[in-house]
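coords_32.txt follows (compact mmCIF, N, CA and C atoms and all ligand atoms):
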```txt
# COMPACT_ATOMS: atom_id res chain seq x y z
N MET A 254 0.85 -1.19 0.00
CA MET A 254 0.00 0.00 0.00
C MET A 254 0.89 1.24 0.00
N THR A 255 0.64 2.14 -0.92
CA THR A 255 1.44 3.35 -1.04
C THR A 255 0.80 4.48 -0.25
N ARG A 256 1.53 5.00 0.70
CA ARG A 256 1.10 6.24 1.39
C ARG A 256 2.22 7.25 1.18
N TYR A 257 2.02 8.15 0.25
CA TYR A 257 3.05 9.14 -0.03
C TYR A 257 3.37 9.97 1.20
N LEU A 258 2.38 10.22 1.99
CA LEU A 258 2.58 11.12 3.13
C LEU A 258 2.71 10.37 4.44
N GLY A 259 2.74 9.03 4.42
CA GLY A 259 2.94 8.27 5.64
C GLY A 259 1.65 7.70 6.18
N ASP A 260 1.77 6.55 6.83
CA ASP A 260 0.59 5.84 7.32
C ASP A 260 -0.17 6.60 8.41
N GLU A 261 0.54 7.47 9.13
CA GLU A 261 -0.12 8.17 10.23
C GLU A 261 -0.89 9.40 9.76
N PHE A 262 -0.78 9.70 8.46
CA PHE A 262 -1.43 10.91 7.96
C PHE A 262 -2.94 10.75 7.99
N LEU A 263 -3.63 11.81 8.36
CA LEU A 263 -5.09 11.77 8.45
C LEU A 263 -5.70 11.54 7.07
N THR A 264 -6.82 10.85 7.04
CA THR A 264 -7.55 10.61 5.80
C THR A 264 -8.81 11.48 5.79
N PRO A 265 -9.36 11.74 4.60
CA PRO A 265 -10.58 12.56 4.54
C PRO A 265 -11.77 11.82 5.11
N THR A 266 -12.69 12.55 5.67
CA THR A 266 -13.96 11.98 6.11
C THR A 266 -14.89 11.90 4.90
N LEU A 267 -15.34 10.69 4.59
CA LEU A 267 -16.16 10.51 3.40
C LEU A 267 -17.57 11.02 3.62
N THR A 268 -18.07 11.70 2.57
CA THR A 268 -19.45 12.14 2.53
C THR A 268 -20.03 11.69 1.20
N GLU A 269 -21.33 11.85 1.02
CA GLU A 269 -21.95 11.49 -0.25
C GLU A 269 -21.32 12.30 -1.39
N GLN A 270 -20.98 13.56 -1.09
CA GLN A 270 -20.45 14.44 -2.13
C GLN A 270 -18.99 14.14 -2.49
N ASN A 271 -18.17 13.71 -1.53
CA ASN A 271 -16.75 13.56 -1.85
C ASN A 271 -16.31 12.12 -2.08
N THR A 272 -17.20 11.16 -1.88
CA THR A 272 -16.81 9.75 -2.04
C THR A 272 -16.28 9.43 -3.44
N PRO A 273 -16.91 9.90 -4.53
CA PRO A 273 -16.33 9.59 -5.85
C PRO A 273 -14.91 10.13 -6.01
N PHE A 274 -14.65 11.31 -5.45
CA PHE A 274 -13.33 11.92 -5.59
C PHE A 274 -12.26 11.12 -4.84
N PHE A 275 -12.62 10.58 -3.68
CA PHE A 275 -11.62 9.94 -2.82
C PHE A 275 -11.59 8.42 -2.91
N THR A 276 -12.44 7.80 -3.75
CA THR A 276 -12.46 6.34 -3.80
C THR A 276 -12.36 5.75 -5.21
N SER A 277 -12.53 6.56 -6.25
CA SER A 277 -12.68 5.99 -7.60
C SER A 277 -11.36 5.75 -8.31
N GLY A 278 -10.29 6.38 -7.89
CA GLY A 278 -9.05 6.26 -8.64
C GLY A 278 -9.07 7.07 -9.93
N ARG A 279 -9.98 8.00 -10.04
CA ARG A 279 -10.08 8.93 -11.16
C ARG A 279 -10.32 10.31 -10.57
N ILE A 280 -10.03 11.34 -11.36
CA ILE A 280 -10.39 12.69 -10.94
C ILE A 280 -11.84 12.89 -11.38
N GLN A 281 -12.74 12.67 -10.44
CA GLN A 281 -14.17 12.79 -10.69
C GLN A 281 -14.63 14.20 -10.33
N ILE A 282 -15.25 14.85 -11.30
CA ILE A 282 -15.75 16.21 -11.11
C ILE A 282 -17.26 16.19 -11.33
N GLN A 283 -17.97 16.98 -10.54
CA GLN A 283 -19.43 17.05 -10.67
C GLN A 283 -19.81 17.98 -11.83
N PHE A 284 -20.67 17.49 -12.71
CA PHE A 284 -21.20 18.28 -13.83
C PHE A 284 -22.72 18.36 -13.70
N CYS A 285 -23.26 19.45 -14.22
CA CYS A 285 -24.71 19.61 -14.30
C CYS A 285 -25.17 18.99 -15.62
N ASP A 286 -26.11 18.05 -15.54
CA ASP A 286 -26.64 17.42 -16.75
C ASP A 286 -27.56 18.36 -17.53
N ASP A 287 -28.02 19.45 -16.91
CA ASP A 287 -28.90 20.40 -17.60
C ASP A 287 -28.12 21.43 -18.40
N CYS A 288 -27.05 21.99 -17.80
CA CYS A 288 -26.33 23.09 -18.49
C CYS A 288 -24.86 22.78 -18.74
N ASP A 289 -24.40 21.60 -18.34
CA ASP A 289 -23.02 21.14 -18.58
C ASP A 289 -21.97 21.90 -17.77
N HIS A 290 -22.40 22.64 -16.78
CA HIS A 290 -21.46 23.36 -15.91
C HIS A 290 -20.70 22.35 -15.03
N ALA A 291 -19.39 22.56 -14.92
CA ALA A 291 -18.57 21.73 -14.02
C ALA A 291 -18.31 22.51 -12.75
N GLN A 292 -18.36 21.84 -11.61
CA GLN A 292 -18.13 22.55 -10.35
C GLN A 292 -17.36 21.70 -9.36
N GLN A 293 -16.49 22.38 -8.65
CA GLN A 293 -15.68 21.76 -7.62
C GLN A 293 -15.51 22.77 -6.50
N PRO A 294 -15.85 22.48 -5.26
CA PRO A 294 -16.32 21.19 -4.78
C PRO A 294 -17.75 20.91 -5.20
N PRO A 295 -18.16 19.64 -5.13
CA PRO A 295 -19.54 19.30 -5.47
C PRO A 295 -20.52 19.91 -4.49
N ASP A 296 -21.75 20.06 -4.96
CA ASP A 296 -22.81 20.61 -4.10
C ASP A 296 -24.13 19.95 -4.49
N ASP A 297 -25.20 20.29 -3.78
CA ASP A 297 -26.51 19.74 -4.09
C ASP A 297 -27.18 20.48 -5.25
N VAL A 298 -26.67 21.67 -5.59
CA VAL A 298 -27.30 22.53 -6.59
C VAL A 298 -26.23 23.01 -7.57
N CYS A 299 -26.60 23.14 -8.84
CA CYS A 299 -25.69 23.68 -9.85
C CYS A 299 -25.45 25.16 -9.57
N TYR A 300 -24.17 25.56 -9.53
CA TYR A 300 -23.84 26.97 -9.27
C TYR A 300 -24.26 27.86 -10.43
N SER A 301 -24.47 27.28 -11.61
CA SER A 301 -24.78 28.09 -12.79
C SER A 301 -26.28 28.25 -13.02
N CYS A 302 -27.04 27.12 -13.00
CA CYS A 302 -28.47 27.20 -13.34
C CYS A 302 -29.38 26.84 -12.17
N GLN A 303 -28.78 26.51 -11.03
CA GLN A 303 -29.52 26.11 -9.83
C GLN A 303 -30.29 24.82 -10.02
N GLY A 304 -29.97 24.07 -11.06
CA GLY A 304 -30.59 22.78 -11.27
C GLY A 304 -30.03 21.75 -10.29
N THR A 305 -30.69 20.61 -10.26
CA THR A 305 -30.26 19.56 -9.33
C THR A 305 -29.94 18.25 -10.05
N ASN A 306 -29.87 18.29 -11.37
CA ASN A 306 -29.50 17.08 -12.13
C ASN A 306 -27.98 17.03 -12.27
N LEU A 307 -27.33 16.61 -11.21
CA LEU A 307 -25.87 16.62 -11.13
C LEU A 307 -25.34 15.21 -11.13
N ALA A 308 -24.20 15.03 -11.78
CA ALA A 308 -23.58 13.70 -11.83
C ALA A 308 -22.06 13.87 -11.91
N PHE A 309 -21.35 12.86 -11.42
CA PHE A 309 -19.90 12.90 -11.50
C PHE A 309 -19.46 12.32 -12.83
N ARG A 310 -18.43 12.96 -13.40
CA ARG A 310 -17.82 12.47 -14.63
C ARG A 310 -16.32 12.36 -14.39
N ALA A 311 -15.74 11.31 -14.93
CA ALA A 311 -14.29 11.14 -14.82
C ALA A 311 -13.61 12.05 -15.84
N THR A 312 -12.61 12.76 -15.40
CA THR A 312 -11.81 13.61 -16.29
C THR A 312 -10.56 12.82 -16.69
N PRO A 313 -9.76 13.36 -17.62
CA PRO A 313 -8.56 12.61 -18.03
C PRO A 313 -7.53 12.41 -16.92
N GLY A 314 -7.63 13.16 -15.84
CA GLY A 314 -6.67 12.98 -14.75
C GLY A 314 -5.39 13.76 -14.93
N THR A 315 -5.44 14.77 -15.78
CA THR A 315 -4.28 15.64 -15.98
C THR A 315 -4.70 17.07 -15.70
N GLY A 316 -3.70 17.95 -15.62
CA GLY A 316 -4.01 19.35 -15.38
C GLY A 316 -2.75 20.18 -15.36
N SER A 317 -2.93 21.44 -14.98
CA SER A 317 -1.83 22.40 -14.91
C SER A 317 -1.79 23.03 -13.53
N VAL A 318 -0.58 23.27 -13.04
CA VAL A 318 -0.41 23.91 -11.74
C VAL A 318 -0.75 25.40 -11.88
N GLU A 319 -1.76 25.82 -11.14
CA GLU A 319 -2.17 27.23 -11.14
C GLU A 319 -1.47 28.01 -10.04
N SER A 320 -1.19 27.32 -8.93
CA SER A 320 -0.56 27.96 -7.78
C SER A 320 0.25 26.90 -7.05
N ALA A 321 1.38 27.30 -6.50
CA ALA A 321 2.22 26.36 -5.76
C ALA A 321 2.82 27.07 -4.55
N VAL A 322 2.80 26.39 -3.43
CA VAL A 322 3.39 26.92 -2.20
C VAL A 322 4.37 25.88 -1.68
N LEU A 323 5.60 26.30 -1.47
CA LEU A 323 6.63 25.43 -0.90
C LEU A 323 6.62 25.64 0.61
N VAL A 324 6.26 24.58 1.33
CA VAL A 324 6.10 24.68 2.78
C VAL A 324 7.39 24.22 3.46
N HIS A 325 7.97 25.10 4.27
CA HIS A 325 9.19 24.79 5.01
C HIS A 325 8.93 24.61 6.50
N HIS A 326 7.87 25.24 7.01
CA HIS A 326 7.60 25.22 8.44
C HIS A 326 6.56 24.14 8.77
N PRO A 327 6.90 23.15 9.61
CA PRO A 327 5.91 22.13 9.98
C PRO A 327 4.91 22.70 10.98
N ILE A 328 3.69 22.90 10.52
CA ILE A 328 2.69 23.51 11.39
C ILE A 328 2.08 22.49 12.35
N HIS A 329 2.42 21.20 12.18
CA HIS A 329 1.93 20.14 13.07
C HIS A 329 3.09 19.16 13.26
N PRO A 330 3.23 18.56 14.45
CA PRO A 330 4.34 17.62 14.66
C PRO A 330 4.40 16.49 13.64
N ALA A 331 3.25 16.06 13.10
CA ALA A 331 3.24 14.98 12.10
C ALA A 331 3.94 15.39 10.81
N LEU A 332 4.12 16.69 10.63
CA LEU A 332 4.74 17.19 9.40
C LEU A 332 6.24 17.44 9.56
N GLN A 333 6.76 17.21 10.78
CA GLN A 333 8.16 17.52 11.06
C GLN A 333 9.11 16.87 10.06
N GLU A 334 8.86 15.61 9.73
CA GLU A 334 9.75 14.88 8.81
C GLU A 334 9.34 15.05 7.35
N ARG A 335 8.31 15.81 7.09
CA ARG A 335 7.79 15.95 5.71
C ARG A 335 8.27 17.21 5.01
N VAL A 336 8.67 18.21 5.77
CA VAL A 336 9.07 19.46 5.14
C VAL A 336 10.45 19.31 4.49
N PRO A 337 10.73 20.01 3.42
CA PRO A 337 9.77 20.83 2.68
C PRO A 337 8.87 19.98 1.79
N TYR A 338 7.65 20.44 1.58
CA TYR A 338 6.73 19.81 0.64
C TYR A 338 5.98 20.91 -0.10
N VAL A 339 5.36 20.54 -1.20
CA VAL A 339 4.69 21.54 -2.01
C VAL A 339 3.19 21.25 -2.06
N VAL A 340 2.41 22.30 -1.88
CA VAL A 340 0.96 22.24 -2.01
C VAL A 340 0.59 23.00 -3.28
N VAL A 341 -0.22 22.37 -4.10
CA VAL A 341 -0.56 22.99 -5.38
C VAL A 341 -2.08 23.09 -5.56
N VAL A 342 -2.46 24.05 -6.38
CA VAL A 342 -3.82 24.13 -6.91
C VAL A 342 -3.70 23.79 -8.38
N VAL A 343 -4.44 22.77 -8.80
CA VAL A 343 -4.36 22.26 -10.18
C VAL A 343 -5.66 22.56 -10.90
N SER A 344 -5.56 23.18 -12.07
CA SER A 344 -6.74 23.31 -12.94
C SER A 344 -6.89 21.98 -13.68
N VAL A 345 -8.06 21.40 -13.59
CA VAL A 345 -8.29 20.04 -14.06
C VAL A 345 -8.68 20.06 -15.54
N ASP A 346 -7.94 19.31 -16.36
CA ASP A 346 -8.30 19.18 -17.77
C ASP A 346 -9.69 18.55 -17.90
N GLY A 347 -10.49 19.07 -18.79
CA GLY A 347 -11.80 18.51 -19.04
C GLY A 347 -12.88 19.00 -18.10
N ALA A 348 -12.53 19.92 -17.21
CA ALA A 348 -13.50 20.47 -16.25
C ALA A 348 -13.24 21.97 -16.11
N PRO A 349 -13.72 22.74 -17.08
CA PRO A 349 -13.40 24.18 -17.10
C PRO A 349 -13.78 24.87 -15.79
N GLY A 350 -12.83 25.64 -15.25
CA GLY A 350 -13.08 26.40 -14.04
C GLY A 350 -12.93 25.61 -12.75
N CYS A 351 -12.57 24.35 -12.85
CA CYS A 351 -12.46 23.52 -11.65
C CYS A 351 -11.00 23.32 -11.25
N ASN A 352 -10.73 23.66 -10.01
CA ASN A 352 -9.40 23.47 -9.45
C ASN A 352 -9.49 22.52 -8.27
N VAL A 353 -8.45 21.74 -8.08
CA VAL A 353 -8.35 20.88 -6.91
C VAL A 353 -6.99 21.12 -6.25
N THR A 354 -6.94 20.91 -4.97
CA THR A 354 -5.74 21.11 -4.19
C THR A 354 -5.10 19.77 -3.89
N GLY A 355 -3.78 19.73 -3.85
CA GLY A 355 -3.09 18.49 -3.52
C GLY A 355 -1.61 18.73 -3.35
N ASN A 356 -0.87 17.64 -3.32
CA ASN A 356 0.58 17.70 -3.23
C ASN A 356 1.14 17.18 -4.54
N VAL A 357 2.34 17.62 -4.90
CA VAL A 357 3.09 17.02 -6.00
C VAL A 357 4.13 16.12 -5.37
N VAL A 358 4.12 14.86 -5.77
CA VAL A 358 5.00 13.85 -5.18
C VAL A 358 5.96 13.34 -6.24
N GLY A 359 7.04 12.71 -5.78
CA GLY A 359 7.97 12.05 -6.69
C GLY A 359 8.97 12.97 -7.37
N CYS A 360 9.15 14.16 -6.84
CA CYS A 360 10.13 15.09 -7.42
C CYS A 360 10.60 16.01 -6.31
N PRO A 361 11.73 16.69 -6.51
CA PRO A 361 12.13 17.69 -5.52
C PRO A 361 11.04 18.78 -5.43
N PRO A 362 10.55 19.09 -4.24
CA PRO A 362 9.43 20.02 -4.14
C PRO A 362 9.72 21.39 -4.75
N GLU A 363 10.97 21.81 -4.71
CA GLU A 363 11.30 23.13 -5.27
C GLU A 363 11.29 23.13 -6.80
N SER A 364 11.14 21.96 -7.43
CA SER A 364 11.11 21.90 -8.89
C SER A 364 9.72 22.16 -9.46
N VAL A 365 8.71 22.28 -8.62
CA VAL A 365 7.34 22.49 -9.10
C VAL A 365 7.13 23.97 -9.38
N GLU A 366 6.72 24.28 -10.60
CA GLU A 366 6.51 25.67 -11.00
C GLU A 366 5.08 25.87 -11.50
N ILE A 367 4.62 27.09 -11.38
CA ILE A 367 3.31 27.44 -11.93
C ILE A 367 3.33 27.19 -13.43
N GLY A 368 2.28 26.57 -13.92
CA GLY A 368 2.19 26.22 -15.33
C GLY A 368 2.63 24.80 -15.63
N ALA A 369 3.27 24.14 -14.66
CA ALA A 369 3.75 22.77 -14.88
C ALA A 369 2.56 21.85 -15.16
N ARG A 370 2.79 20.89 -16.05
CA ARG A 370 1.76 19.88 -16.33
C ARG A 370 1.90 18.75 -15.31
N VAL A 371 0.76 18.28 -14.85
CA VAL A 371 0.74 17.22 -13.84
C VAL A 371 -0.32 16.19 -14.21
N ARG A 372 -0.14 15.00 -13.64
CA ARG A 372 -1.17 13.96 -13.76
C ARG A 372 -1.43 13.39 -12.38
N ALA A 373 -2.63 12.91 -12.21
CA ALA A 373 -3.03 12.38 -10.91
C ALA A 373 -2.38 11.02 -10.66
N VAL A 374 -1.97 10.83 -9.43
CA VAL A 374 -1.58 9.53 -8.91
C VAL A 374 -2.41 9.35 -7.64
N PHE A 375 -2.58 8.13 -7.22
CA PHE A 375 -3.53 7.90 -6.14
C PHE A 375 -2.89 7.18 -4.98
N GLU A 376 -3.01 7.82 -3.82
CA GLU A 376 -2.47 7.30 -2.59
C GLU A 376 -3.49 6.33 -1.98
N GLU A 377 -3.05 5.10 -1.73
CA GLU A 377 -3.95 4.10 -1.17
C GLU A 377 -3.99 4.24 0.35
N ALA A 378 -5.19 4.18 0.89
CA ALA A 378 -5.37 4.25 2.34
C ALA A 378 -6.69 3.59 2.67
N LYS A 379 -6.94 3.41 3.95
CA LYS A 379 -8.23 2.89 4.41
C LYS A 379 -8.86 3.91 5.33
N ASP A 380 -10.17 4.09 5.17
CA ASP A 380 -10.91 4.94 6.09
C ASP A 380 -10.91 4.25 7.45
N PRO A 381 -10.29 4.85 8.46
CA PRO A 381 -10.23 4.17 9.76
C PRO A 381 -11.59 3.94 10.39
N ALA A 382 -12.58 4.73 10.03
CA ALA A 382 -13.91 4.58 10.63
C ALA A 382 -14.68 3.43 10.00
N THR A 383 -14.55 3.25 8.67
CA THR A 383 -15.37 2.26 7.98
C THR A 383 -14.57 1.12 7.37
N GLY A 384 -13.25 1.29 7.24
CA GLY A 384 -12.44 0.29 6.57
C GLY A 384 -12.50 0.36 5.06
N GLN A 385 -13.26 1.33 4.53
CA GLN A 385 -13.40 1.47 3.08
C GLN A 385 -12.06 1.88 2.46
N ASP A 386 -11.76 1.29 1.31
CA ASP A 386 -10.54 1.65 0.59
C ASP A 386 -10.65 3.06 0.04
N LEU A 387 -9.58 3.82 0.21
CA LEU A 387 -9.52 5.18 -0.31
C LEU A 387 -8.43 5.24 -1.37
N LEU A 388 -8.63 6.09 -2.35
CA LEU A 388 -7.61 6.40 -3.37
C LEU A 388 -7.54 7.92 -3.41
N ILE A 389 -6.59 8.47 -2.64
CA ILE A 389 -6.53 9.91 -2.43
C ILE A 389 -5.70 10.54 -3.55
N PRO A 390 -6.30 11.45 -4.32
CA PRO A 390 -5.55 12.06 -5.43
C PRO A 390 -4.36 12.88 -4.95
N GLN A 391 -3.23 12.65 -5.59
CA GLN A 391 -2.05 13.49 -5.50
C GLN A 391 -1.63 13.76 -6.93
N TRP A 392 -0.51 14.42 -7.11
CA TRP A 392 -0.10 14.81 -8.46
C TRP A 392 1.38 14.51 -8.65
N GLU A 393 1.75 14.24 -9.88
CA GLU A 393 3.16 14.12 -10.24
C GLU A 393 3.40 14.90 -11.51
N LEU A 394 4.63 15.39 -11.66
CA LEU A 394 4.97 16.17 -12.85
C LEU A 394 5.01 15.27 -14.07
N VAL A 395 4.59 15.78 -15.20
CA VAL A 395 4.73 15.08 -16.47
C VAL A 395 5.43 16.00 -17.45
N GLN A 396 6.11 15.39 -18.37
CA GLN A 396 6.78 16.15 -19.42
C GLN A 396 5.85 16.21 -20.62
N ASP A 397 5.69 17.39 -21.18
CA ASP A 397 4.86 17.52 -22.40
C ASP A 397 5.64 17.09 -23.62
ZN ZN B 1 -26.65 23.72 -14.35
```
As C-alpha cells, please, write out the structure in this file.
Amino acid sequence: MTRYLGDEFLTPTLTEQNTPFFTSGRIQIQFCDDCDHAQQPPDDVCYSCQGTNLAFRATPGTGSVESAVLVHHPIHPALQERVPYVVVVVSVDGAPGCNVTGNVVGCPPESVEIGARVRAVFEEAKDPATGQDLLIPQWELVQD
C-alpha cells in the first residue's frame, strides 16, 4: 500500500459528495446534466443554473499547476519529517473552471513551477472509521 505522506497521515472523512473523488481512482468532477457546468467542490445545486441534475464524470486525470506553495515550516508535529513539501492548486483538464488542491509527489518540491503539467496519482489508504478503501488524489509532474 502506497502512502506518499505516511501511514499516520489523516484521511478525509467521506461524505456522499466527496466519495467519488476519494475512492474511484479517477479525478471525478461534478457536472450539471442540464447546463453542462462543471463545479468543484460538489454541491446539491448547480452553481450556474440552480438545477439539481448533477452527476460525477471522470476527467482525463491531468491538469496544470495554477498555484504552488513550498512549505518549510511544519505547522503540526506529524509534518516535522515531511518538510519541505509543495501544495498545489491544479486546474483540471476537461472540467473548465475547476481546481483541486493536492501535493506534487515524486520530485524535488522546489522543482514544481506554476504552469507545470501534472497527472493524478492515487495514494492508497483505508478509512479508519469504515475500513473502506480510499484512493486519495495526489499529483506528479509530467513532461509535455
Ligand atoms: Zn446547471
Give me the residues of segment 294-349 of chain A that have any atom at most 9 Å from an atom of segment 263-275 of chain A; for each, the nearest atom pair and the distance in Å, rounded to one decimal. Use only C-alpha atoms, sort by chain and number, and format it as JSON lines.
```
{"residue": "A:Pro294", "atom": "CA", "partner": "A:Asn271", "partner_atom": "CA", "distance": 8.2}
{"residue": "A:Pro295", "atom": "CA", "partner": "A:Gln270", "partner_atom": "CA", "distance": 6.0}
{"residue": "A:Asp296", "atom": "CA", "partner": "A:Gln270", "partner_atom": "CA", "distance": 6.9}
{"residue": "A:Asp297", "atom": "CA", "partner": "A:Gln270", "partner_atom": "CA", "distance": 8.3}
{"residue": "A:Phe309", "atom": "CA", "partner": "A:Pro273", "partner_atom": "CA", "distance": 7.5}
```
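In terms of minimum interatomic distance to Cys285 of chain A, A:Ala308 ranks closest within A:Asn356, A:Ala369, A:Gln303, A:Ala308, counting all atoms listed in the file.
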Fill in: Pick from A:Asp386, A:Glu366, A:Glu376, A:Asp289, whichever lies nearest to Ser317 of chain A using only N, CA and C atoms
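That would be A:Glu366, the residue with the smallest distance to Ser317 of chain A.
Atom pair atom N of Gln391 of chain A / atom CA of Gly355 of chain A has a distance of 6.2 Å (rounded to one decimal).
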Worksheet item: Between A:Pro362, A:Gly304, A:Gly278, A:Gly384, which one has atoms that come closest to ligand ZN 1 (chain B), using all atoms listed in the file?
Response: A:Gly304
Residues up to 8 Å from ligand ZN 1 (chain B), counting all atoms listed in the file: could you list those as an mmCIF file with N, CA and C atoms, in the coordinates of the input?
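Wrote pocket_24.cif, looks like this:
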```
data_model
loop_
_atom_site.group_PDB
_atom_site.id
_atom_site.type_symbol
_atom_site.label_atom_id
_atom_site.label_comp_id
_atom_site.auth_asym_id
_atom_site.auth_seq_id
_atom_site.Cartn_x
_atom_site.Cartn_y
_atom_site.Cartn_z
ATOM 1 N N PHE A 284 -20.670 17.490 -12.710
ATOM 2 C CA PHE A 284 -21.200 18.280 -13.830
ATOM 3 C C PHE A 284 -22.720 18.360 -13.700
ATOM 4 N N CYS A 285 -23.260 19.450 -14.220
ATOM 5 C CA CYS A 285 -24.710 19.610 -14.300
ATOM 6 C C CYS A 285 -25.170 18.990 -15.620
ATOM 7 N N ASP A 286 -26.110 18.050 -15.540
ATOM 8 C CA ASP A 286 -26.640 17.420 -16.750
ATOM 9 C C ASP A 286 -27.560 18.360 -17.530
ATOM 10 N N ASP A 287 -28.020 19.450 -16.910
ATOM 11 C CA ASP A 287 -28.900 20.400 -17.600
ATOM 12 C C ASP A 287 -28.120 21.430 -18.400
ATOM 13 N N CYS A 288 -27.050 21.990 -17.800
ATOM 14 C CA CYS A 288 -26.330 23.090 -18.490
ATOM 15 C C CYS A 288 -24.860 22.780 -18.740
ATOM 16 N N ASP A 289 -24.400 21.600 -18.340
ATOM 17 C CA ASP A 289 -23.020 21.140 -18.580
ATOM 18 C C ASP A 289 -21.970 21.900 -17.770
ATOM 19 N N HIS A 290 -22.400 22.640 -16.780
ATOM 20 C CA HIS A 290 -21.460 23.360 -15.910
ATOM 21 C C HIS A 290 -20.700 22.350 -15.030
ATOM 22 N N ALA A 291 -19.390 22.560 -14.920
ATOM 23 C CA ALA A 291 -18.570 21.730 -14.020
ATOM 24 C C ALA A 291 -18.310 22.510 -12.750
ATOM 25 N N VAL A 298 -26.670 21.670 -5.590
ATOM 26 C CA VAL A 298 -27.300 22.530 -6.590
ATOM 27 C C VAL A 298 -26.230 23.010 -7.570
ATOM 28 N N CYS A 299 -26.600 23.140 -8.840
ATOM 29 C CA CYS A 299 -25.690 23.680 -9.850
ATOM 30 C C CYS A 299 -25.450 25.160 -9.570
ATOM 31 N N TYR A 300 -24.170 25.560 -9.530
ATOM 32 C CA TYR A 300 -23.840 26.970 -9.270
ATOM 33 C C TYR A 300 -24.260 27.860 -10.430
ATOM 34 N N SER A 301 -24.470 27.280 -11.610
ATOM 35 C CA SER A 301 -24.780 28.090 -12.790
ATOM 36 C C SER A 301 -26.280 28.250 -13.020
ATOM 37 N N CYS A 302 -27.040 27.120 -13.000
ATOM 38 C CA CYS A 302 -28.470 27.200 -13.340
ATOM 39 C C CYS A 302 -29.380 26.840 -12.170
ATOM 40 N N GLN A 303 -28.780 26.510 -11.030
ATOM 41 C CA GLN A 303 -29.520 26.110 -9.830
ATOM 42 C C GLN A 303 -30.290 24.820 -10.020
ATOM 43 N N GLY A 304 -29.970 24.070 -11.060
ATOM 44 C CA GLY A 304 -30.590 22.780 -11.270
ATOM 45 C C GLY A 304 -30.030 21.750 -10.290
ATOM 46 N N THR A 305 -30.690 20.610 -10.260
ATOM 47 C CA THR A 305 -30.260 19.560 -9.330
ATOM 48 C C THR A 305 -29.940 18.250 -10.050
ATOM 49 N N ASN A 306 -29.870 18.290 -11.370
ATOM 50 C CA ASN A 306 -29.500 17.080 -12.130
ATOM 51 C C ASN A 306 -27.980 17.030 -12.270
ATOM 52 N N LEU A 307 -27.330 16.610 -11.210
ATOM 53 C CA LEU A 307 -25.870 16.620 -11.130
ATOM 54 C C LEU A 307 -25.340 15.210 -11.130
#
```
Fill in: Atomic distance atom C of Val374 of chain A - atom N of Gln333 of chain A, expressed in Å with one decimal
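So the two atoms, atom C of Val374 of chain A and atom N of Gln333 of chain A, lie 22.0 Å apart.
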Fill in: Nearest candidate to Val353 of chain A (options A:Thr383, A:Gln293, A:His326, A:Leu394; using only N, CA and C atoms)
A:Gln293
Practice prompt. Go ahead and compute the interatomic distance for atom C of Glu363 of chain A and atom C of Arg279 of chain A, in Å to one decimal.
Written response: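 Between atom C of Glu363 of chain A and atom C of Arg279 of chain A the gap is 25.4 Å.
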Fill in: A:Val339, A:Ile367, A:Ala382, A:Val345 ranked by distance to Thr315 of chain A, top pick (using all atoms listed in the file)
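Smallest distance to Thr315 of chain A is found for A:Val345.
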Fill in: Selected residue of minimal separation from Ala348 of chain A among A:Cys360, A:Val395, A:Ile282, A:Ala331, counting all atoms listed in the file
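Closest to Ala348 of chain A, using all atoms listed in the file: A:Ile282.
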Practice prompt. Please give the complete set of residues from segment 257-392 of chain A that DSSP, run on the backbone, assigns to strand (DSSP E), formatted as a ChimeraX atom specification.
Written response: /A:281-285,291-292,307-311,315-324,338-345,352-356,370-379,386-392
Discussion item. For Val365 of chain A, find every residue with an atom within 10 Å (counting only C-alpha atoms), except residues of its own chain fewer than 5 positions away, and show them as an MDAnalysis selection string.
Written reply: chainID A and resid 318 320:323 339:341 357:358 360 370:371 393:394
Practice prompt. If you run DSSP over the backbone, which residues in segment 287-384 of chain A end up helix (DSSP H, G or I)? Put them as a list in words.
Written response: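 The helix (DSSP H, G or I) residues within segment 287-384 of chain A come out as Pro330, Ala331, Leu332, Pro362, Glu363 and Ser364 of chain A.
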